[in-house]
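Peer 1: For reference, the structure I am asking about is given below.
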Amino acid sequence: MIKLGVNQYGKAETRLVRVDRGDRHAITDLNVTTTLAGDLDATHLTGDNSGVLPTDTQKNTVYAFARDGVGEPEEFGLRLARHFVDTTPTITRARVRVEQYRWERITVDGEPAHHSFARAAGTRTATATYDGTTAWVVSGVEDLTVLNTTGSEFHGFHRDRYTTLAETTDRILATAVSANWRHESTDSPWAESFRDARAHLLAAFAETHSRSLQQTLHAMGERVLRHRDELVEVRLALPNKHHFLVDLEPFGLDNPGEVFFAADRPYGLIEGTVLRDGAPEEGLAWW
Ligand SMILES: O=c1[nH]c(=O)c2[nH]c(=O)[nH]c2[nH]1
């Protein structure tokens with residue numbers, strides 16, 4: 001017997017740029033992915049599409065909703081997720097993932113420009129999930145590249161016959177932070193929460209004297225949870241962007257920690273979750 005298993009569908013990566021034309025222009029630059037699930041057996045099994053809200057409509061809804069303003073990405077995601085479930089009879093769960101590309105206003109001779117921006121590093125993310133009763137929100141950052149030129153050691157690790165890595169008490173530590181944090185409820189102060197969580201990730205990276213990227217990961221998640229009561233869980237993925245000291249001896253030169261080769265692959269990938277004790281379980285593991 002063969003049967004239909006779990007399924008979902010939606011429109012991936014709807015690119016939306018909204019211009020707010022106030023005293024000074026502001027832009028919101030988003031990449032929105034909508035994912036719907038529910039009673040979709042008919043379309044898969046018989047070709048009856050009467051319960052399918054087209055992905056094209058989902059894309060149109062993103063643009064139409066943006067006409068009233070976007071607000072914080074978490075709010076936009078929640079609005080859309082609730083709309084899809086509340087207005088489509090077959091749909092029982094919606095997940096909306098919003099990636100927000102950051103733009104910084106250009107300053108000219110110290111003055112903020114009226115309508116000119118430069119793309120900034122790091123993407124803000126928000127994922128809102130709604131099942132008709134409960135909503136969950138996860139916020140985060142991606143591609144936030146950071147580097148410490150010292151204050152990082154790695155030694156005392158397990159060795160076997162294939163281990164060649166030298167122990168070090170001083171190395172460059174660099175990573176591109178991908179972090180997601182789960183909110184306890186749906187009324188967090190989204191903008192402040194994001195700004196602060198991001199700042200605490202950076203502060204913990206800068207201030208931790210690291211004995212491994214794993215230890216740094218834990219310090220980053222812990223610092224966010226200690227300072228932000230509305231958050232209950234932080235998940236981090238940290239690629240170890242290795243910097244190898246170049247051997248300059250063949251040229252008769254020493255290299256006292258000054259000249260490095262920045263390798264791009266392979267890279268260590270350190271992943272982990274830091275949780276508040278007694279954090280409410282998430283009903284849906286839709287991160
Ligand atoms: O911080 C590190 N953690 C590791 O697990 C590891 N493994 C490795 O080769 N270098 C490093 N660095």
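By convention in this document, the chains of the structure tokens carry letters A, B, ... by their order, each chain's residues are numbered from 1, and ligands are numbered from 1 in the order they are shown.
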Mind running chain A against ligand 1 at 9 Å and telling me each contacting residue's nearest atom pair with the distance in Å (one decimal), counting only C-alpha atoms and all ligand atoms, chain and number ascending, as a Markdown table?

Peer 2:
```
| residue | atom | partner | partner_atom_place_in_ligand_line | distance |
| --- | --- | --- | --- | --- |
| A:Ser152 | CA | ligand 1 | 1 (O) | 8.3 |
| A:Glu153 | CA | ligand 1 | 1 (O) | 7.7 |
| A:Phe154 | CA | ligand 1 | 12 (N) | 5.9 |
| A:His155 | CA | ligand 1 | 12 (N) | 8.6 |
| A:Phe157 | CA | ligand 1 | 5 (O) | 8.2 |
| A:Leu165 | CA | ligand 1 | 9 (O) | 6.5 |
| A:Leu173 | CA | ligand 1 | 1 (O) | 8.0 |
| A:Ser210 | CA | ligand 1 | 1 (O) | 7.9 |
| A:Arg211 | CA | ligand 1 | 1 (O) | 6.8 |
| A:Ser212 | CA | ligand 1 | 1 (O) | 3.4 |
| A:Leu213 | CA | ligand 1 | 1 (O) | 3.7 |
| A:Gln214 | CA | ligand 1 | 1 (O) | 6.0 |
| A:Gln215 | CA | ligand 1 | 1 (O) | 7.8 |
| A:Thr216 | CA | ligand 1 | 1 (O) | 8.3 |
| A:Asn240 | CA | ligand 1 | 12 (N) | 7.0 |
| A:His242 | CA | ligand 1 | 10 (N) | 8.1 |
| A:Tyr267 | CA | ligand 1 | 9 (O) | 8.7 |
| A:Gly268 | CA | ligand 1 | 7 (N) | 6.3 |
| A:Leu269 | CA | ligand 1 | 5 (O) | 8.2 |
| A:Ile270 | CA | ligand 1 | 5 (O) | 7.2 |
```

Peer 1: Which of range 51-223 of chain A counts as strand (DSSP E) under DSSP, as JSON, numbers by chain please?

Peer 2: {"A": [91, 92, 93, 94, 95, 96, 97, 98, 99, 100, 101, 102, 103, 104, 105, 106, 107, 108, 111, 112, 113, 114, 115, 116, 117, 118, 119, 120, 121, 122, 123, 124, 125, 126, 127, 128, 129, 130, 135, 136, 137, 138, 139, 140, 141, 142, 143, 144, 145, 146, 147, 148, 173, 174, 175, 176, 177, 178, 179, 180, 181, 182, 183]}

Peer 1: Excluding same-chain residues fewer than 5 positions from Ala135 in chain A, what lies within 8 Å of it counting only C-alpha atoms, as a ChimeraX atom specification?

Peer 2: /A:78,128-130,186

Peer 1: Taking N, CA and C atoms for each residue, export the selection above as a compact mmCIF listing (two decimals), in the first residue's frame.

Peer 2:
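Listed below is the output, again_11.txt:
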```txt
# COMPACT_ATOMS: atom_id res chain seq x y z
N LEU A 78 3.38 37.40 10.72
CA LEU A 78 2.19 36.99 11.48
C LEU A 78 0.91 37.36 10.74
N ALA A 128 7.16 33.25 11.11
CA ALA A 128 5.92 33.19 11.88
C ALA A 128 5.13 31.98 11.43
N THR A 129 4.66 31.20 12.39
CA THR A 129 3.88 30.01 12.09
C THR A 129 2.56 30.10 12.84
N TYR A 130 1.47 29.75 12.15
CA TYR A 130 0.13 29.84 12.76
C TYR A 130 -0.66 28.59 12.39
N THR A 186 3.73 36.14 21.19
CA THR A 186 3.70 36.89 19.93
C THR A 186 3.61 38.39 20.17
```

Peer 1: Excluding Gly69 in chain A and any residue of its chain fewer than 2 positions from it, enumerate the residues within 12 Å of it, using only C-alpha atoms, and give them as a PDB file with C-alpha atoms, in the first residue's frame.

Peer 2:
```pdb
ATOM      1  CA  LEU A  16       9.526  42.885  -2.097  1.00  0.00           C
ATOM      2  CA  VAL A  17      10.954  46.359  -1.707  1.00  0.00           C
ATOM      3  CA  ARG A  18       8.769  48.972  -0.050  1.00  0.00           C
ATOM      4  CA  VAL A  19       9.592  52.677  -0.058  1.00  0.00           C
ATOM      5  CA  ASP A  20       8.159  54.795   2.739  1.00  0.00           C
ATOM      6  CA  ARG A  21       8.085  58.373   1.473  1.00  0.00           C
ATOM      7  CA  ALA A  26      13.021  54.667   4.114  1.00  0.00           C
ATOM      8  CA  ILE A  27      13.209  51.247   2.478  1.00  0.00           C
ATOM      9  CA  THR A  28      12.222  47.772   3.570  1.00  0.00           C
ATOM     10  CA  VAL A  62       2.512  39.589  -0.028  1.00  0.00           C
ATOM     11  CA  TYR A  63       2.541  42.616  -2.337  1.00  0.00           C
ATOM     12  CA  ALA A  64      -1.039  43.633  -1.548  1.00  0.00           C
ATOM     13  CA  PHE A  65      -0.415  43.493   2.221  1.00  0.00           C
ATOM     14  CA  ALA A  66       2.705  45.611   1.762  1.00  0.00           C
ATOM     15  CA  ARG A  67       0.521  48.437   0.425  1.00  0.00           C
ATOM     16  CA  GLY A  71       6.258  47.110   9.874  1.00  0.00           C
ATOM     17  CA  GLU A  72       8.629  44.717  11.584  1.00  0.00           C
ATOM     18  CA  PRO A  73       9.267  41.462   9.678  1.00  0.00           C
ATOM     19  CA  GLU A  75       4.512  41.470  12.314  1.00  0.00           C
ATOM     20  CA  PHE A  76       4.352  41.110   8.544  1.00  0.00           C
ATOM     21  CA  ARG A  79      -0.310  39.032   9.441  1.00  0.00           C
TER      22      ARG A  79
END
```

Peer 1: Need to verify the contact set: Ala197 in chain A, 9 Å, only C-alpha atoms, exclusion of same-chain residues closer than 5 positions in sequence. Can you return it as an NGL selection string?

Peer 2: :A and (140 or 181 or 192 or 202 or 223-225 or 227-228)

Peer 1: With N, CA and C atoms kept, could you save the residues just selected as a compact mmCIF listing (two decimals), in the first residue's frame?

Peer 2:
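Final file, again-v8.txt:
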```txt
# COMPACT_ATOMS: atom_id res chain seq x y z
N GLY A 140 15.90 36.06 13.84
CA GLY A 140 17.31 35.68 13.75
C GLY A 140 18.14 36.60 12.87
N TRP A 181 16.34 32.81 17.26
CA TRP A 181 15.88 32.79 18.64
C TRP A 181 14.36 32.77 18.68
N GLU A 192 13.27 46.31 19.11
CA GLU A 192 14.24 46.39 20.21
C GLU A 192 14.84 45.01 20.50
N LEU A 202 27.09 39.82 19.35
CA LEU A 202 28.38 40.42 18.98
C LEU A 202 29.24 40.66 20.22
N ARG A 223 24.29 34.69 26.63
CA ARG A 223 24.20 36.13 26.85
C ARG A 223 22.88 36.69 26.33
N VAL A 224 22.43 36.20 25.20
CA VAL A 224 21.14 36.66 24.66
C VAL A 224 20.02 36.32 25.63
N LEU A 225 20.01 35.08 26.12
CA LEU A 225 18.91 34.65 27.00
C LEU A 225 18.96 35.37 28.36
N HIS A 227 19.81 38.40 28.88
CA HIS A 227 19.39 39.80 28.75
C HIS A 227 18.00 39.99 28.15
N ARG A 228 17.47 38.97 27.50
CA ARG A 228 16.18 39.16 26.82
C ARG A 228 15.16 38.16 27.36
```

Peer 1: Quote the spacing between CA of Val259 in chain A and CA of His209 in chain A in Å to one decimal place.

Peer 2: 21.8 Å
